[in-house]
Amino acid sequence: MSYGGMGGWETLRAMRARDKVAGHRLARGTAKRILAFARPYRAEIAVFLVTVVISAGIGVATPVLAGDVVNTITRGGDDAGAVVVRLALLIAGLAVVDALLSLAQRWYSARIGEGIILDLRTRVYDHVQRMPLQFFTRTQTGALVSRLNNDVTGAQRAFTSTLSGVVSNVIQLVLTAAVMFTLSWQITALSLVMLPLFIIPARRVGKRLAEITKEGYDLDAKMNATMTERFGVAGALLVKLFGRPETEAERFGERAERVRDIGIQSAMYSRTFFVAMLLVASLAQALTYGLGGWLAVNGTVSAGTVVTLALLLTRLYGPLTALSNVRVDVMSALVSFDRVFEILDLKPSIAERPGAVTIPAGSGRLEFRDVRFRYPSAAEVSLASLEDVVTLDRTVSEPVLRGVSFAVEPGQMVALVGPSGAGKSTTSMLVSRVYDVTDGQVLVGGVDVRDASLQSLRDEIGVVTQDSHLFHETIAENLRYARPEATDEELWSALRGAQVEDLVRALPDGLETVVGERGYRFSGGEKQRIAIARLLLKAPSIVILDEATAHLDSESEAAVQRALSVALAGRTALVIAHRLSTVREADQILVLDEGRIVERGRHEELVAVGGLYAELYRTQFAVADSPAPYAETDHPEPVTVPPRDYAADS
């Protein structure tokens, strides 16, 4: 026996959603913003609602016609057969129309829903891409992805299942109740007595179902996080190095077993819910047949009326139970929208100003003027819900840079050195506007980077970090990320300059070789050289090297240094260095300590001064470049390492 279409499923889903909306306070103006997303689809929504209304009307008309068929048969007469045939054809025609309306509803529902998903996802994705780097260092990636998937999908449901369900159920309930009370108010009233027998237990089942569903979601999230970490190359390597696969399997198995148990419990609760729902509806229908049949025998009502009331009853319980949870349905959709808007309302700290100017191409001059910088607090760049914390840290951090000033002329190489945490990497990030200065100015080509168009700034700056990232795509796609229109010949030329052409040509798929997640199919030196090829393809006027050879062995470093000699030729370079060979080649060395430039000059000059640089030289640079550990003597002398001859290397 049918039970109100999809009313049962919608009721069950609403019960599971109670925990999600409990205690959630919506931001002001949420409803208005939702309507703004719906505005482009208002014509489709109007047609969709019309089909829903007509379909609801057909749902009530069909039982009435079925009752007329029974009345015609029992009444008899010469034309009874013809009337029955006409009524049957009318019922068939309504069934065809209802089927066509159902297809139309599904088409409009999909068009509206998928269109809203597209709009929301693209808006959120574009917005997230513009967030500062610290946003990504603080945010749980899984939580962010969930906003683009689960919450966006939940939001679109407001315009499909929730909206159509509310309209259809209200219309069906009103029409059904009106027709039933018109036919026999006594039978209708007695039939509705059974409804509390279903609603009250169902709510208790729903509460328990919501609890175990939430536990299941939490365990699924933990299992997903475990798989993401352990199945990544770095995580898999750690598990293998420490020999803990059995422990990992045991921990994962325990969670998976609990998920299995929850799945069984959930299935039984769900089945109990539907069995109870069908049982109560069947009992109410039996009551209708019993009382209606007794009244029909006594001549109070017709047999057709009894059939009509019994059929309409199945269309009365469904809307009643579904509408009893309509608040949860609506709130679930609103909460999903609110969680999406929460991200859209988080303003990016790096934005292009109106009337931004273009940096002169190829200018190559870089200048810092009394630059001061502190990292923003968590409250300025993040959301508590994305960090899985109750409240965000509002502590203002200490300044990282405290009045840094220097200039790099076109074609010069300037090296930044200093202890860990001195502000070297931060200085380089300010050039490309990964962060903006707190005070002072960073100028490229004489233009404050905050006044420059982002595209012209990116065209002028090229960066190679110590762990250059490659996407899980082909070598060609990774290279063309710097210049999408580049030809294959230009790609090969860049690879040649980066000293990696022979390696790529030796691969079976050449440029179409997929590099693997984070480039793990290549060694560290090979990855760095591909990243340098990407930089050569971009051809910036200013190159920033952030310890580009820090984690390489001597052979790989030699290959990368040869590639860098090509990349730096004729370009302005800002180099964060840990190798003496790189430092000694610099036109100027800036020594940073606690956010200030404490020394500046060339290598020989700074060694002669005997300050911080001389100490770093003895303990860090010399040891790093020396083939054997530096041994202290009674009269320690700096270990002299001849500068690398790049011309000979290349």
# chains A, B, ... in the order shown; residues from 1 in each chain; ligands from 1
$ residues_around --residues "range 333-349 of chain A" --least-positions-apart "3" --cutoff "9 Å" --atoms "only C-alpha atoms" --output "VMD selection string"
chain A and resid 20 to 21 24 to 27 30 to 31 33 to 34 120 123 to 124 127 to 128 130 to 132 147 to 148 150 to 159 162 328 to 330 380 to 383 435 to 436
$ residues_around --residues "Leu416 in chain A" --least-positions-apart "6" --cutoff "9 Å" --atoms "only C-alpha atoms" --output "PyMOL selection string"
chain A and resi 424-425+427+574-577+583+588-592
$ write_last_selection --atoms "N, CA and C atoms" --output "PDB file, in the first residue's frame"
ATOM      1  N   LYS A 424      63.365  35.890   7.058  1.00  0.00           N
ATOM      2  CA  LYS A 424      63.844  35.808   5.678  1.00  0.00           C
ATOM      3  C   LYS A 424      62.719  35.434   4.713  1.00  0.00           C
ATOM      4  N   SER A 425      62.042  34.321   4.984  1.00  0.00           N
ATOM      5  CA  SER A 425      60.960  33.874   4.095  1.00  0.00           C
ATOM      6  C   SER A 425      59.816  34.881   4.082  1.00  0.00           C
ATOM      7  N   THR A 427      60.064  38.084   4.351  1.00  0.00           N
ATOM      8  CA  THR A 427      60.487  39.173   3.472  1.00  0.00           C
ATOM      9  C   THR A 427      60.193  38.835   2.014  1.00  0.00           C
ATOM     10  N   LEU A 574      66.458  37.755  -5.520  1.00  0.00           N
ATOM     11  CA  LEU A 574      66.446  37.830  -4.064  1.00  0.00           C
ATOM     12  C   LEU A 574      66.527  36.393  -3.575  1.00  0.00           C
ATOM     13  N   VAL A 575      67.654  36.043  -2.937  1.00  0.00           N
ATOM     14  CA  VAL A 575      67.949  34.650  -2.623  1.00  0.00           C
ATOM     15  C   VAL A 575      68.028  34.458  -1.116  1.00  0.00           C
ATOM     16  N   ILE A 576      67.212  33.532  -0.604  1.00  0.00           N
ATOM     17  CA  ILE A 576      67.356  33.090   0.781  1.00  0.00           C
ATOM     18  C   ILE A 576      68.272  31.880   0.725  1.00  0.00           C
ATOM     19  N   ALA A 577      69.455  32.020   1.306  1.00  0.00           N
ATOM     20  CA  ALA A 577      70.493  31.025   1.062  1.00  0.00           C
ATOM     21  C   ALA A 577      70.933  30.332   2.329  1.00  0.00           C
ATOM     22  N   VAL A 583      75.862  32.405  -1.402  1.00  0.00           N
ATOM     23  CA  VAL A 583      76.062  33.673  -0.708  1.00  0.00           C
ATOM     24  C   VAL A 583      77.240  34.442  -1.296  1.00  0.00           C
ATOM     25  N   GLN A 588      75.142  41.706  -2.881  1.00  0.00           N
ATOM     26  CA  GLN A 588      74.989  42.256  -1.545  1.00  0.00           C
ATOM     27  C   GLN A 588      74.372  41.192  -0.647  1.00  0.00           C
ATOM     28  N   ILE A 589      74.839  41.129   0.589  1.00  0.00           N
ATOM     29  CA  ILE A 589      74.293  40.193   1.571  1.00  0.00           C
ATOM     30  C   ILE A 589      73.614  41.002   2.665  1.00  0.00           C
ATOM     31  N   LEU A 590      72.347  40.641   2.952  1.00  0.00           N
ATOM     32  CA  LEU A 590      71.600  41.277   4.031  1.00  0.00           C
ATOM     33  C   LEU A 590      71.460  40.268   5.162  1.00  0.00           C
ATOM     34  N   VAL A 591      71.930  40.633   6.336  1.00  0.00           N
ATOM     35  CA  VAL A 591      71.876  39.743   7.487  1.00  0.00           C
ATOM     36  C   VAL A 591      70.704  40.169   8.373  1.00  0.00           C
ATOM     37  N   LEU A 592      69.699  39.296   8.485  1.00  0.00           N
ATOM     38  CA  LEU A 592      68.504  39.584   9.284  1.00  0.00           C
ATOM     39  C   LEU A 592      68.607  38.910  10.650  1.00  0.00           C
TER      40      LEU A 592
END
$ residues_around --residues "Arg521 in chain A" --least-positions-apart "6" --cutoff "12 Å" --atoms "only C-alpha atoms" --output "VMD selection string"
chain A and resid 233 470 to 475 507 513 to 515 527
$ write_last_selection --atoms "C-alpha atoms" --output "compact mmCIF listing (two decimals), in the first residue's frame"
# COMPACT_ATOMS: atom_id res chain seq x y z
CA VAL A 233 52.94 9.52 -0.09
CA LEU A 470 53.82 19.92 -8.73
CA PHE A 471 50.18 19.09 -9.39
CA HIS A 472 49.05 15.51 -10.04
CA GLU A 473 48.94 16.25 -13.75
CA THR A 474 51.25 15.89 -16.74
CA ILE A 475 54.62 17.62 -16.99
CA LEU A 507 60.34 9.04 -20.24
CA THR A 513 54.03 11.91 -18.16
CA VAL A 514 51.87 12.32 -15.05
CA VAL A 515 54.14 13.53 -12.25
CA LYS A 527 61.25 18.27 -9.11
$ residues_around --residues "range 285-301 of chain A" --least-positions-apart "4" --cutoff "10 Å" --atoms "only C-alpha atoms" --output "list in words"
Leu183, Ser184, Gln186, Ile187, Thr188, Leu190, Ser191, Met194, Leu279, Val280, Ala281, Thr305, Val306, Val307, Leu309, Ala310, Leu311, Leu312, Leu313 and Thr314 of chain A
$ write_last_selection --atoms "C-alpha atoms" --output "compact mmCIF listing (two decimals), in the first residue's frame"
# COMPACT_ATOMS: atom_id res chain seq x y z
CA LEU A 183 -17.82 13.23 1.94
CA SER A 184 -18.03 12.17 5.63
CA GLN A 186 -17.38 11.33 10.95
CA ILE A 187 -15.11 8.85 9.13
CA THR A 188 -12.46 11.51 8.55
CA LEU A 190 -12.17 8.96 13.42
CA SER A 191 -9.40 8.11 10.97
CA MET A 194 -4.74 7.11 14.72
CA LEU A 279 1.00 -0.25 10.09
CA VAL A 280 -0.72 2.85 11.45
CA ALA A 281 -1.84 3.87 7.96
CA THR A 305 -17.55 7.18 -0.95
CA VAL A 306 -15.98 4.53 1.30
CA VAL A 307 -13.44 3.66 -1.41
CA LEU A 309 -12.15 7.99 1.70
CA ALA A 310 -9.87 4.96 2.07
CA LEU A 311 -7.73 6.04 -0.89
CA LEU A 312 -7.62 9.67 0.22
CA LEU A 313 -6.54 8.63 3.69
CA THR A 314 -3.20 7.41 2.35
$ closest_residue --among "A:Val560, A:Ala189, A:Leu479, A:Leu118" --to "Leu535 in chain A" --atoms "only C-alpha atoms"
A:Leu479
$ select_by_dssp --residues "range 436-515 of chain A" --states "strand (DSSP E)" --output "list in words"
Asp439, Gly440, Gln441, Val442, Leu443, Val444, Val447, Asp448, Ile461, Gly462, Val463, Val464 and Thr465 of chain A
$ select_by_dssp --residues "range 286-366 of chain A" --states "helix (DSSP H, G or I)" --output "number ranges by chain"
A: 286-297, 303-323, 326-344
$ closest_residue --among "A:Arg600, A:Val275, A:Arg251, A:Asp119" --to "Ser405 in chain A" --atoms "only C-alpha atoms"
A:Arg600
$ atom_distance --atom1 "CA of Ala559 in chain A" --atom2 "CA of Gln528 in chain A"
9.6 Å
$ residues_around --residues "range 88-93 of chain A" --least-positions-apart "2" --cutoff "9 Å" --atoms "only C-alpha atoms" --output "JSON, numbers by chain"
{"A": [61, 62, 65, 66, 69, 83, 84, 85, 86, 95, 96, 97, 98]}
